[in-house]
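Trainee: Input structure: structure-v7.cif, which contains mmCIF, C-alpha atoms.
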data_structure
loop_
_atom_site.label_atom_id
_atom_site.label_comp_id
_atom_site.auth_asym_id
_atom_site.auth_seq_id
_atom_site.Cartn_x
_atom_site.Cartn_y
_atom_site.Cartn_z
CA MET A 161 66.54 88.56 125.31
CA SER A 162 66.25 90.19 121.96
CA VAL A 163 69.03 90.13 119.45
CA VAL A 164 69.42 92.87 116.91
CA VAL A 165 70.52 91.49 113.59
CA MET A 166 73.52 93.45 112.39
CA GLU A 167 74.31 94.27 108.80
CA ARG A 168 77.98 93.54 108.28
CA VAL A 169 78.14 94.90 104.75
CA VAL A 170 76.34 98.03 103.68
CA PHE A 171 76.10 98.86 99.97
CA ARG A 172 75.21 102.37 98.85
CA GLU A 173 73.26 100.82 96.02
CA ASP A 174 72.57 104.09 94.20
CA ARG A 175 76.36 104.46 93.66
CA CYS A 176 77.06 100.98 92.34
CA LYS A 177 77.91 100.53 88.64
CA GLY A 178 77.64 96.75 88.68
CA CYS A 179 81.29 96.12 87.71
CA GLU A 180 81.28 92.81 89.61
CA VAL A 181 84.83 93.18 90.94
CA CYS A 182 83.55 92.67 94.52
CA ILE A 183 81.75 89.52 93.40
CA ALA A 184 85.03 88.14 92.06
CA VAL A 185 87.01 88.76 95.27
CA CYS A 186 84.43 87.72 97.88
CA PRO A 187 85.80 84.57 99.57
CA GLN A 188 82.34 83.61 100.83
CA LYS A 189 80.71 84.06 97.40
CA ILE A 190 77.71 85.86 98.89
CA ILE A 191 77.61 88.95 96.67
CA ALA A 192 75.38 88.98 93.60
CA LEU A 193 73.86 91.55 91.28
CA ASP A 194 70.41 92.69 92.32
CA SER A 195 67.52 92.35 89.89
CA ARG A 196 66.58 96.02 90.32
CA ILE A 197 68.12 98.82 88.27
CA ASN A 198 69.49 101.74 90.29
CA LYS A 199 69.25 105.40 89.30
CA LEU A 200 72.57 105.27 87.44
CA GLY A 201 71.05 102.56 85.27
CA TYR A 202 73.05 99.62 86.60
CA ARG A 203 72.17 96.48 88.52
CA SER A 204 73.73 97.06 91.91
CA ALA A 205 75.72 94.43 93.76
CA ALA A 206 74.14 93.32 97.02
CA VAL A 207 74.64 90.83 99.82
CA LYS A 208 71.64 88.70 100.56
CA ASP A 209 73.11 86.53 103.30
CA GLN A 210 74.55 88.93 105.88
CA GLU A 211 74.98 86.04 108.32
CA ALA A 212 77.55 84.37 106.08
CA CYS A 213 79.75 87.47 105.85
CA THR A 214 83.01 87.34 107.80
CA SER A 215 83.68 91.12 107.61
CA CYS A 216 86.97 90.54 105.78
CA GLY A 217 86.52 93.83 103.92
CA LEU A 218 88.00 92.69 100.59
CA CYS A 219 84.92 93.85 98.66
CA ALA A 220 85.25 97.37 100.08
CA ARG A 221 88.97 97.50 99.32
CA VAL A 222 88.52 96.71 95.62
CA CYS A 223 85.35 98.75 95.00
CA PRO A 224 86.13 101.54 92.51
CA ASP A 225 83.13 103.61 93.58
CA ALA A 226 83.41 103.53 97.38
CA VAL A 227 80.02 101.84 97.52
CA ILE A 228 80.76 99.46 100.37
CA SER A 229 81.19 99.88 104.12
CA VAL A 230 82.04 96.87 106.25
CA TYR A 231 81.45 96.38 109.96
CA ARG A 232 82.08 93.67 112.51
CA PRO A 233 80.36 93.04 115.79
CA ALA A 234 82.16 94.29 118.89
CA ARG A 235 83.58 91.34 120.74
CA PRO A 236 82.24 91.02 124.24
CA ALA A 237 84.97 91.08 126.90
CA LYS A 238 86.00 87.47 127.27
CA PRO A 239 86.64 85.97 130.67
CA ALA A 240 90.20 84.62 130.83
CA PRO A 241 90.11 81.01 129.66
CA ALA A 242 90.94 78.78 132.58
CA GLY A 243 93.81 76.36 132.18
CA GLU A 244 94.72 77.34 128.62
CA GLY A 245 98.25 77.98 127.54
CA ARG A 246 98.07 81.77 127.52
CA LYS A 247 100.95 83.22 129.48
CA ALA A 248 100.20 85.70 132.20
CA SER A 249 102.14 88.84 131.57
CA MET B 106 67.66 91.95 129.10
CA SER B 107 68.16 93.04 125.57
CA SER B 108 71.50 93.05 123.88
CA ILE B 109 72.32 95.50 121.17
CA VAL B 110 75.24 94.30 119.17
CA GLU B 111 77.65 97.15 118.79
CA ARG B 112 79.30 97.25 115.40
CA ILE B 113 82.81 98.39 114.70
CA PRO B 114 83.77 99.74 111.28
CA VAL B 115 86.17 97.52 109.38
CA TYR B 116 86.07 99.72 106.32
CA GLU B 117 84.28 102.98 105.58
CA PRO B 118 84.87 105.33 102.63
CA PRO B 119 87.54 107.95 103.48
CA LYS B 120 86.51 111.45 104.52
CA SER B 121 88.86 113.11 102.01
CA LEU B 122 86.90 111.55 99.15
CA SER B 123 83.92 113.68 98.11
CA ASP B 124 80.53 112.11 98.61
CA VAL B 125 79.56 112.11 94.93
CA SER B 126 79.23 109.54 92.18
CA SER B 127 82.20 109.59 89.78
CA HIS B 128 82.03 109.80 85.99
CA TYR B 129 84.40 106.84 85.58
CA CYS B 130 83.27 103.74 83.68
CA PRO B 131 82.19 100.68 85.71
CA GLY B 132 85.21 98.85 87.12
CA CYS B 133 87.75 101.57 86.24
CA THR B 134 90.59 101.47 88.76
CA HIS B 135 90.76 105.29 88.78
CA GLY B 136 88.02 105.03 91.41
CA ALA B 137 89.97 102.64 93.63
CA THR B 138 93.11 104.77 93.27
CA HIS B 139 91.19 107.95 94.17
CA ARG B 140 89.90 106.16 97.25
CA ILE B 141 93.40 105.06 98.25
CA VAL B 142 94.83 108.58 97.83
CA ALA B 143 91.97 109.89 100.00
CA GLU B 144 92.64 107.19 102.61
CA VAL B 145 96.28 108.24 102.82
CA MET B 146 95.27 111.92 103.11
CA ASP B 147 92.93 110.96 105.96
CA GLU B 148 95.63 108.96 107.69
CA LEU B 149 98.30 111.66 107.42
CA GLY B 150 95.82 114.47 108.15
CA LEU B 151 96.53 116.25 104.85
CA THR B 152 93.00 117.19 103.77
CA ASP B 153 93.36 120.82 104.85
CA LYS B 154 96.92 121.33 103.65
CA ALA B 155 97.05 119.40 100.41
CA VAL B 156 96.67 120.79 96.90
CA GLY B 157 95.97 118.30 94.14
CA ILE B 158 96.69 119.08 90.50
CA ALA B 159 94.34 117.36 88.06
CA SER B 160 95.54 116.52 84.56
CA VAL B 161 93.89 116.12 81.17
CA GLY B 162 92.34 112.79 80.28
CA CYS B 163 89.78 110.68 82.10
CA SER B 164 91.08 112.11 85.39
CA VAL B 165 90.45 115.69 84.23
CA LEU B 166 87.50 115.91 86.62
CA ALA B 167 89.48 114.60 89.61
CA TYR B 168 88.95 117.99 91.26
CA ASN B 169 85.33 116.99 91.85
CA TYR B 170 86.29 113.98 93.90
CA PHE B 171 88.66 115.20 96.62
CA GLU B 172 87.96 117.34 99.65
CA CYS B 173 91.37 119.06 99.49
CA ASP B 174 92.03 122.07 97.26
CA MET B 175 92.44 121.18 93.60
CA GLN B 176 93.68 122.90 90.47
CA GLN B 177 93.38 121.72 86.89
CA ALA B 178 96.42 122.02 84.63
CA ALA B 179 96.93 122.14 80.87
CA HIS B 180 97.71 118.85 79.15
CA GLY B 181 100.88 117.35 80.63
CA ARG B 182 101.73 120.46 82.63
CA ALA B 183 100.62 119.29 86.06
CA PRO B 184 104.22 118.99 87.41
CA ALA B 185 104.90 122.57 86.28
CA VAL B 186 101.77 123.87 88.01
CA ALA B 187 102.65 121.80 91.08
CA THR B 188 106.16 123.31 91.04
CA GLY B 189 104.64 126.79 91.11
CA VAL B 190 102.23 126.00 93.93
CA LYS B 191 104.90 124.27 96.01
CA ARG B 192 107.47 127.06 95.57
CA VAL B 193 105.00 129.77 96.52
CA ARG B 194 103.49 127.82 99.43
CA PRO B 195 106.19 125.34 100.56
CA GLU B 196 104.19 124.40 103.66
CA LEU B 197 101.48 122.78 101.52
CA VAL B 198 101.53 119.19 100.32
CA VAL B 199 101.27 119.31 96.53
CA TRP B 200 100.44 116.28 94.44
CA THR B 201 99.48 115.64 90.83
CA TYR B 202 97.24 112.92 89.45
CA GLN B 203 98.10 112.09 85.84
CA GLY B 204 97.37 109.36 83.34
CA ASP B 205 99.84 107.93 80.86
CA GLY B 206 98.59 110.03 77.94
CA ASP B 207 99.17 113.14 80.02
CA LEU B 208 102.35 112.27 81.90
CA ALA B 209 104.17 109.82 79.61
CA SER B 210 103.38 111.45 76.28
CA ILE B 211 102.82 115.21 76.08
CA GLY B 212 104.05 115.76 79.63
CA THR B 213 107.21 113.60 79.62
CA ASN B 214 109.43 116.65 79.50
CA GLU B 215 107.63 118.29 82.42
CA VAL B 216 107.89 115.31 84.75
CA ILE B 217 111.53 114.59 83.92
CA HIS B 218 112.56 118.17 84.62
CA ALA B 219 110.50 118.28 87.82
CA ALA B 220 112.47 115.21 88.93
CA LEU B 221 115.78 116.71 87.77
CA ARG B 222 115.10 119.82 89.84
CA GLY B 223 114.15 117.62 92.79
CA GLU B 224 110.84 119.42 93.20
CA LYS B 225 109.27 118.40 96.48
CA ILE B 226 106.01 117.24 94.91
CA THR B 227 104.26 113.88 94.69
CA VAL B 228 103.12 112.48 91.35
CA ILE B 229 100.47 109.76 91.10
CA PHE B 230 100.96 108.25 87.64
CA ILE B 231 98.18 106.03 86.28
CA ASN B 232 99.50 103.62 83.64
CA ASN B 233 96.73 101.75 81.82
CA ALA B 234 98.57 101.30 78.50
CA ILE B 235 96.03 103.25 76.45
CA TYR B 236 94.40 106.64 75.94
CA GLY B 237 91.07 106.34 77.73
CA MET B 238 89.10 109.55 77.30
CA THR B 239 89.84 110.08 73.62
CA GLY B 240 88.70 106.62 72.59
CA GLY B 241 91.39 104.01 73.06
CA GLN B 242 94.33 105.16 70.93
CA ALA B 243 97.84 103.77 71.50
CA ALA B 244 99.81 105.48 74.26
CA PRO B 245 103.61 105.41 74.79
CA THR B 246 102.84 102.79 77.45
CA THR B 247 100.92 100.48 75.08
CA LEU B 248 102.36 96.97 75.12
CA ILE B 249 103.96 95.35 72.08
CA GLY B 250 101.22 93.48 70.23
CA GLN B 251 98.40 95.29 72.05
CA LYS B 252 95.48 96.20 69.79
CA THR B 253 94.21 99.76 70.10
CA ALA B 254 92.26 102.14 67.88
CA THR B 255 95.52 103.32 66.24
CA THR B 256 97.29 99.94 66.29
CA PRO B 257 94.50 97.67 64.99
CA PHE B 258 96.97 94.87 64.24
CA GLY B 259 98.81 95.24 67.54
CA ARG B 260 101.67 97.60 68.42
CA ASP B 261 104.63 96.88 66.19
CA LYS B 262 108.01 97.57 67.77
CA SER B 263 109.71 98.34 64.44
CA TRP B 264 107.03 100.90 63.57
CA SER B 265 106.11 102.60 66.86
CA GLY B 266 108.85 101.65 69.29
CA SER B 267 108.73 100.08 72.73
CA PRO B 268 106.70 100.87 75.87
CA ILE B 269 108.15 103.66 78.01
CA HIS B 270 109.51 102.62 81.41
CA LEU B 271 109.16 105.93 83.16
CA SER B 272 109.78 104.81 86.73
CA GLU B 273 113.11 103.19 85.85
CA MET B 274 114.09 106.31 83.93
CA LEU B 275 113.23 108.74 86.73
CA ALA B 276 114.88 106.57 89.38
CA LEU B 277 118.24 107.36 87.74
CA GLN B 278 117.85 111.06 88.48
CA GLU B 279 119.49 112.47 91.55
CA GLY B 280 116.55 114.72 92.42
CA ALA B 281 114.15 111.78 92.68
CA ALA B 282 113.75 110.60 96.28
CA PHE B 283 111.05 107.96 96.02
CA ILE B 284 110.01 106.12 92.85
CA ALA B 285 107.82 103.01 92.92
CA ARG B 286 105.60 101.01 90.61
CA THR B 287 102.59 99.17 92.02
CA SER B 288 99.46 97.54 90.65
CA THR B 289 95.72 97.48 91.32
CA HIS B 290 94.83 93.98 90.17
CA ASN B 291 93.96 92.49 93.57
CA PRO B 292 93.39 93.57 97.19
CA ALA B 293 96.98 92.72 98.20
CA HIS B 294 98.43 94.93 95.47
CA LEU B 295 95.98 97.69 96.32
CA GLY B 296 97.41 97.52 99.85
CA ARG B 297 100.94 97.87 98.46
CA THR B 298 99.78 100.78 96.34
CA ARG B 299 98.46 102.43 99.50
CA ALA B 300 101.77 101.84 101.29
CA ALA B 301 103.69 103.34 98.35
CA ILE B 302 101.45 106.43 98.13
CA LYS B 303 101.84 106.96 101.86
CA ARG B 304 105.61 106.70 101.53
CA ALA B 305 105.53 109.18 98.64
CA PHE B 306 103.59 111.75 100.69
CA GLN B 307 105.94 111.20 103.63
CA THR B 308 108.88 111.80 101.29
CA GLN B 309 107.41 115.21 100.51
CA LEU B 310 106.53 115.96 104.14
CA GLU B 311 110.14 115.30 105.09
CA GLY B 312 111.38 117.50 102.24
CA LYS B 313 113.51 114.79 100.65
CA GLY B 314 112.71 115.55 97.01
CA PHE B 315 110.62 114.35 94.10
CA SER B 316 108.33 111.34 94.60
CA LEU B 317 106.33 109.36 92.06
CA VAL B 318 104.15 106.25 92.25
CA GLU B 319 103.33 104.57 88.94
CA ILE B 320 100.15 102.52 89.27
CA LEU B 321 99.24 99.81 86.74
CA SER B 322 95.54 100.27 86.06
CA THR B 323 92.75 99.02 83.84
CA CYS B 324 90.65 100.48 81.06
CA PRO B 325 87.91 97.88 80.64
CA THR B 326 85.98 100.03 78.14
CA ASN B 327 88.80 100.62 75.67
CA TRP B 328 90.46 97.25 76.20
CA GLY B 329 87.08 95.67 75.36
CA MET B 330 86.96 93.49 78.45
CA THR B 331 84.85 93.08 81.55
CA PRO B 332 86.35 94.75 84.64
CA VAL B 333 87.30 91.36 86.10
CA GLU B 334 88.96 90.25 82.83
CA ALA B 335 90.80 93.58 82.72
CA LEU B 336 92.27 93.03 86.21
CA LYS B 337 93.46 89.61 85.07
CA TRP B 338 95.01 91.18 81.97
CA VAL B 339 96.98 93.60 84.16
CA GLU B 340 98.34 90.67 86.16
CA GLU B 341 99.15 88.47 83.18
CA GLN B 342 100.21 90.95 80.50
CA MET B 343 101.23 94.24 82.11
CA VAL B 344 103.11 93.14 85.23
CA PRO B 345 105.69 91.10 83.22
CA VAL B 346 106.42 94.16 81.04
CA TYR B 347 106.32 96.68 83.88
CA PRO B 348 108.01 95.02 86.88
CA LEU B 349 106.61 96.12 90.22
CA GLY B 350 108.81 97.43 92.97
CA ILE B 351 110.47 100.37 94.60
CA PHE B 352 113.10 101.74 92.23
CA LYS B 353 114.42 104.48 94.44
CA ASP B 354 113.93 105.16 98.11
CA TRP B 355 115.82 107.81 100.07
CA GLN B 356 115.40 105.68 103.20
CA ALA B 357 116.90 102.58 101.63
CA ASP B 358 119.67 104.55 99.88
CA GLY B 359 119.31 103.36 96.30
CA ALA B 360 117.22 100.95 94.31
CA ARG B 361 115.96 97.63 95.53
CA SER B 362 115.04 94.57 93.56
CA PRO B 363 111.31 94.27 92.84
CA ALA B 364 111.13 91.15 95.05
CA ALA B 365 112.67 92.94 98.02
CA ALA B 366 110.46 95.93 97.37
CA GLY B 367 107.40 93.70 97.41
CA ALA B 368 108.47 92.27 100.74
CA ALA B 369 109.03 95.76 102.12
CA ALA B 370 105.60 96.88 100.93
CA LYS B 371 104.13 93.78 102.54
CA SER B 372 105.71 94.56 105.88
CA ALA B 373 104.37 98.12 105.67
CA LYS B 374 100.89 96.71 106.13
CA PRO B 375 98.15 99.20 105.28
CA ALA B 376 96.24 100.38 108.31
CA GLU B 377 92.53 99.74 108.42
CA GLY B 378 90.56 102.62 107.02
CA GLY B 379 87.47 104.30 108.38
CA LYS B 380 88.87 105.28 111.72
#
Before anything else, please render the file you have as structure tokens.
Mentor:
Amino acid sequence: MSVVVMERVVFREDRCKGCEVCIAVCPQKIIALDSRINKLGYRSAAVKDQEACTSCGLCARVCPDAVISVYRPARPAKPAPAGEGRKAS
Amino acid sequence: MSSIVERIPVYEPPKSLSDVSSHYCPGCTHGATHRIVAEVMDELGLTDKAVGIASVGCSVLAYNYFECDMQQAAHGRAPAVATGVKRVRPELVVWTYQGDGDLASIGTNEVIHAALRGEKITVIFINNAIYGMTGGQAAPTTLIGQKTATTPFGRDKSWSGSPIHLSEMLALQEGAAFIARTSTHNPAHLGRTRAAIKRAFQTQLEGKGFSLVEILSTCPTNWGMTPVEALKWVEEQMVPVYPLGIFKDWQADGARSPAAAGAAAKSAKPAEGGK
């Protein structure tokens, strides 16, 4: 069984102006400025540890330059948990 | 068996926002506000029937950033141009995007009379307490004590008066149907800004009258701060002077206290974008 690693956060790095607002709001503290300079002349923000991202989307909601898209994995259909307190409707 | 993990968008940039890089400085909340306006246009399906009026100031090039039709107006005259467009084509949704130098200084007369006439237009008013494009001079919205290029020792009340509270002023006018002040200093307040802008557009769609959303914003470059410091400054310095809230709402029949307005904006939870 092969597992495709999914990118939860996608930065359009050529659009980023390195304002660091996303870095300040990230609850997981996984965003940092890249060492490379993009074509606008800024160090773009980037996520190194995609695994640690919870797809909360706060970074995308504060980004002034619409750099960030956020995704979450589709949840597989769960079998109904046996014996747990969920009421049948 | 191989499993491909399907991914669902939590947030994607709105379709009504043009796919170009903006000229705004790093961290300027103009960008976030543009994005929110575009999100609301996406949600209400307004891209093909909206006309935006750009002002003079940093947002003079706003016409490059939206997929709806745009028109640029002379300094402060965006509500007048919007009046013309709306009266000729009443089926369109007409909105202006103006900064405080444009709307609260040279254009104060225009916006007040648009509200008095109850023009069915929507005004997005960006209040960042300074003139941005021209190099950081004092605006009518500059706070007492705030240092700018023309108030190097801080704004002195006895010399240059007090900050203008435009939302409170316009809320007194009968023609105004929806007047709110929101902020951009954190994701929660950006959500409330989105809810207020949506309400303002709905006010126009229902033909109730004039709508305006005043949005407290940053100018990191002319304030001489980092973008993150500037957001903090909005929260700590601007919000106490410019109380947030809904000052007039045709649905609620009159003004509400800022606290109640905040609660209402909270309950009107912004929908997830990128659908």
Trainee: Can you write out as CSV which residues of chain B fall within 9 Å of chain A, alongside each residue's closest atom pair and its distance in Å to one decimal, counting only C-alpha atoms and ordering rows by chain and ascending residue number?
Mentor:
residue,atom,partner,partner_atom,distance
B:Met106,CA,A:Met161,CA,5.2
B:Ser107,CA,A:Met161,CA,4.8
B:Ser108,CA,A:Val163,CA,5.9
B:Ile109,CA,A:Val164,CA,5.8
B:Val110,CA,A:Pro233,CA,6.3
B:Glu111,CA,A:Ala234,CA,5.3
B:Arg112,CA,A:Pro233,CA,4.4
B:Ile113,CA,A:Arg232,CA,5.3
B:Pro114,CA,A:Tyr231,CA,4.3
B:Val115,CA,A:Tyr231,CA,4.9
B:Tyr116,CA,A:Val230,CA,4.9
B:Glu117,CA,A:Ser229,CA,4.6
B:Pro118,CA,A:Ala226,CA,5.7
B:Pro119,CA,A:Ala226,CA,8.6
B:Leu122,CA,A:Ala226,CA,8.9
B:Val125,CA,A:Arg175,CA,8.4
B:Ser126,CA,A:Arg175,CA,6.0
B:Ser127,CA,A:Asp225,CA,7.1
B:Tyr129,CA,A:Asp225,CA,8.7
B:Cys130,CA,A:Lys177,CA,8.0
B:Pro131,CA,A:Cys179,CA,5.1
B:Gly132,CA,A:Cys179,CA,4.8
B:Cys133,CA,A:Pro224,CA,6.5
B:Thr134,CA,A:Pro224,CA,5.8
B:His135,CA,A:Pro224,CA,7.0
B:Gly136,CA,A:Pro224,CA,4.1
B:Ala137,CA,A:Pro224,CA,4.1
B:Thr138,CA,A:Pro224,CA,7.7
B:His139,CA,A:Pro224,CA,8.3
B:Arg140,CA,A:Ala226,CA,7.0
B:Ile141,CA,A:Arg221,CA,8.8
B:Thr289,CA,A:Val222,CA,8.4
B:His290,CA,A:Val222,CA,8.8
B:Asn291,CA,A:Val222,CA,7.2
B:Pro292,CA,A:Val222,CA,6.0
B:Leu295,CA,A:Val222,CA,7.6
B:Gly296,CA,A:Arg221,CA,8.5
B:Thr331,CA,A:Cys179,CA,7.7
B:Pro332,CA,A:Cys179,CA,6.1
B:Val333,CA,A:Val181,CA,5.7
B:Leu336,CA,A:Val181,CA,8.8
B:Gly379,CA,A:Ser229,CA,8.8
Trainee: Name the residues in contact with Asp194 (chain A) at a cut-off of 8 Å, using only C-alpha atoms, excluding same-chain residues fewer than 6 positions from it; report them as a CSV table (one decimal) with C-alpha atoms, in the frame of the given file.
Mentor:
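The file below, out10.csv, is the result:
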chain,number,residue,atom,x,y,z
A,203,ARG,CA,72.2,96.5,88.5
A,204,SER,CA,73.7,97.1,91.9
A,205,ALA,CA,75.7,94.4,93.8
A,206,ALA,CA,74.1,93.3,97.0
Trainee: Go through the shown structure with the PyMOL selection byres ((chain B and resi 229) around 10) and write out the matching residues as an mmCIF file with C-alpha atoms, in the coordinates of the input.
Mentor:
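So expr_25.cif came out as:
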data_model
loop_
_atom_site.group_PDB
_atom_site.id
_atom_site.type_symbol
_atom_site.label_atom_id
_atom_site.label_comp_id
_atom_site.auth_asym_id
_atom_site.auth_seq_id
_atom_site.Cartn_x
_atom_site.Cartn_y
_atom_site.Cartn_z
ATOM 1 C CA THR B 138 93.110 104.770 93.270
ATOM 2 C CA HIS B 139 91.190 107.950 94.170
ATOM 3 C CA VAL B 142 94.830 108.580 97.830
ATOM 4 C CA TRP B 200 100.440 116.280 94.440
ATOM 5 C CA THR B 201 99.480 115.640 90.830
ATOM 6 C CA TYR B 202 97.240 112.920 89.450
ATOM 7 C CA GLN B 203 98.100 112.090 85.840
ATOM 8 C CA GLY B 204 97.370 109.360 83.340
ATOM 9 C CA LEU B 208 102.350 112.270 81.900
ATOM 10 C CA THR B 227 104.260 113.880 94.690
ATOM 11 C CA VAL B 228 103.120 112.480 91.350
ATOM 12 C CA PHE B 230 100.960 108.250 87.640
ATOM 13 C CA ILE B 231 98.180 106.030 86.280
ATOM 14 C CA ASN B 232 99.500 103.620 83.640
ATOM 15 C CA ILE B 302 101.450 106.430 98.130
ATOM 16 C CA ALA B 305 105.530 109.180 98.640
ATOM 17 C CA SER B 316 108.330 111.340 94.600
ATOM 18 C CA LEU B 317 106.330 109.360 92.060
ATOM 19 C CA VAL B 318 104.150 106.250 92.250
ATOM 20 C CA GLU B 319 103.330 104.570 88.940
ATOM 21 C CA ILE B 320 100.150 102.520 89.270
#
Trainee: Env of Lys262 (chain B): 12 Å cut, atoms = all atoms listed in the file, seq-sep filter 2 positions within chain, self excluded. Answer as a list in words.
Mentor: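 So, after excluding close chain neighbours, the residues are Pro245, Thr247, Leu248, Ile249, Gly250, Gln251, Thr256, Phe258, Gly259, Arg260, Trp264, Ser265, Gly266, Ser267, Pro268 and Ile269 of chain B.
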Trainee: How would you write, as a ChimeraX atom specification, the residues chosen by the PyMOL selection byres ((chain B and resi 323) around 6) on this structure?
Mentor: /B:134,233,322,324-325,335
Trainee: Taking C-alpha atoms for each residue, export the selection above as a compact mmCIF listing (two decimals), in the coordinates of the input.
Mentor:
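Written file, selection15.txt:
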# COMPACT_ATOMS: atom_id res chain seq x y z
CA THR B 134 90.59 101.47 88.76
CA ASN B 233 96.73 101.75 81.82
CA SER B 322 95.54 100.27 86.06
CA CYS B 324 90.65 100.48 81.06
CA PRO B 325 87.91 97.88 80.64
CA ALA B 335 90.80 93.58 82.72
Trainee: Quote the spacing between CA of Phe315 (chain B) and CA of Ile226 (chain B) in Å to one decimal place.
Mentor: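 Computing it gives 5.5 Å between the two atoms.
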Trainee: Which residues fall under the PyMOL selection byres ((chain B and resi 279) around 10) in this file, as an MDAnalysis selection string?
Mentor: chainID B and resid 220:223 275:278 280:282 314:315 353
Trainee: Just how far from CA of Glu173 (chain A) is CA of Glu211 (chain A), in Å to one decimal?
Mentor: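 If I compute the distance from CA of Glu211 (chain A) to CA of Glu173 (chain A), I get 19.3 Å.
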Trainee: Can you list, as a PyMOL selection string, every protein, DNA or RNA residue that comes within 9 Å of Ser160 (chain B) when you count only C-alpha atoms, leaving out same-chain residues fewer than 4 positions away?
Mentor: chain B and resi 164-167+176-183+201-204+207-208
Trainee: Quick one: residues within 10 Å of Glu196 (chain B), all atoms listed in the file, excluding same-chain residues fewer than 4 positions away - as a PyMOL selection string?
Mentor: chain B and resi 154-155+191-192+310
Trainee: Tell me, in Å to one decimal, how far CA of Lys120 (chain B) is from CA of Asp205 (chain B).
Mentor: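 Distance reported for this atom pair: 27.4 Å.
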Trainee: In terms of the shortest atom-to-atom distance over all atoms listed in the file, which of B:Ser288, B:Ser272, B:Ser210, B:Asn327 is closest to Thr255 (chain B)?
Mentor: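 Of the candidates, the smallest distance to Thr255 (chain B) is held by B:Asn327.
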Trainee: Output, as JSON, the centre and edge lengths in Å (one decimal) of the axis-aligned box that contains all listed atoms of region 146-165 of chain B with 5 Å of margin on each side.
Mentor:
{"center_x": 94.0, "center_y": 115.1, "center_z": 94.2, "size_x": 18.5, "size_y": 22.4, "size_z": 37.9}
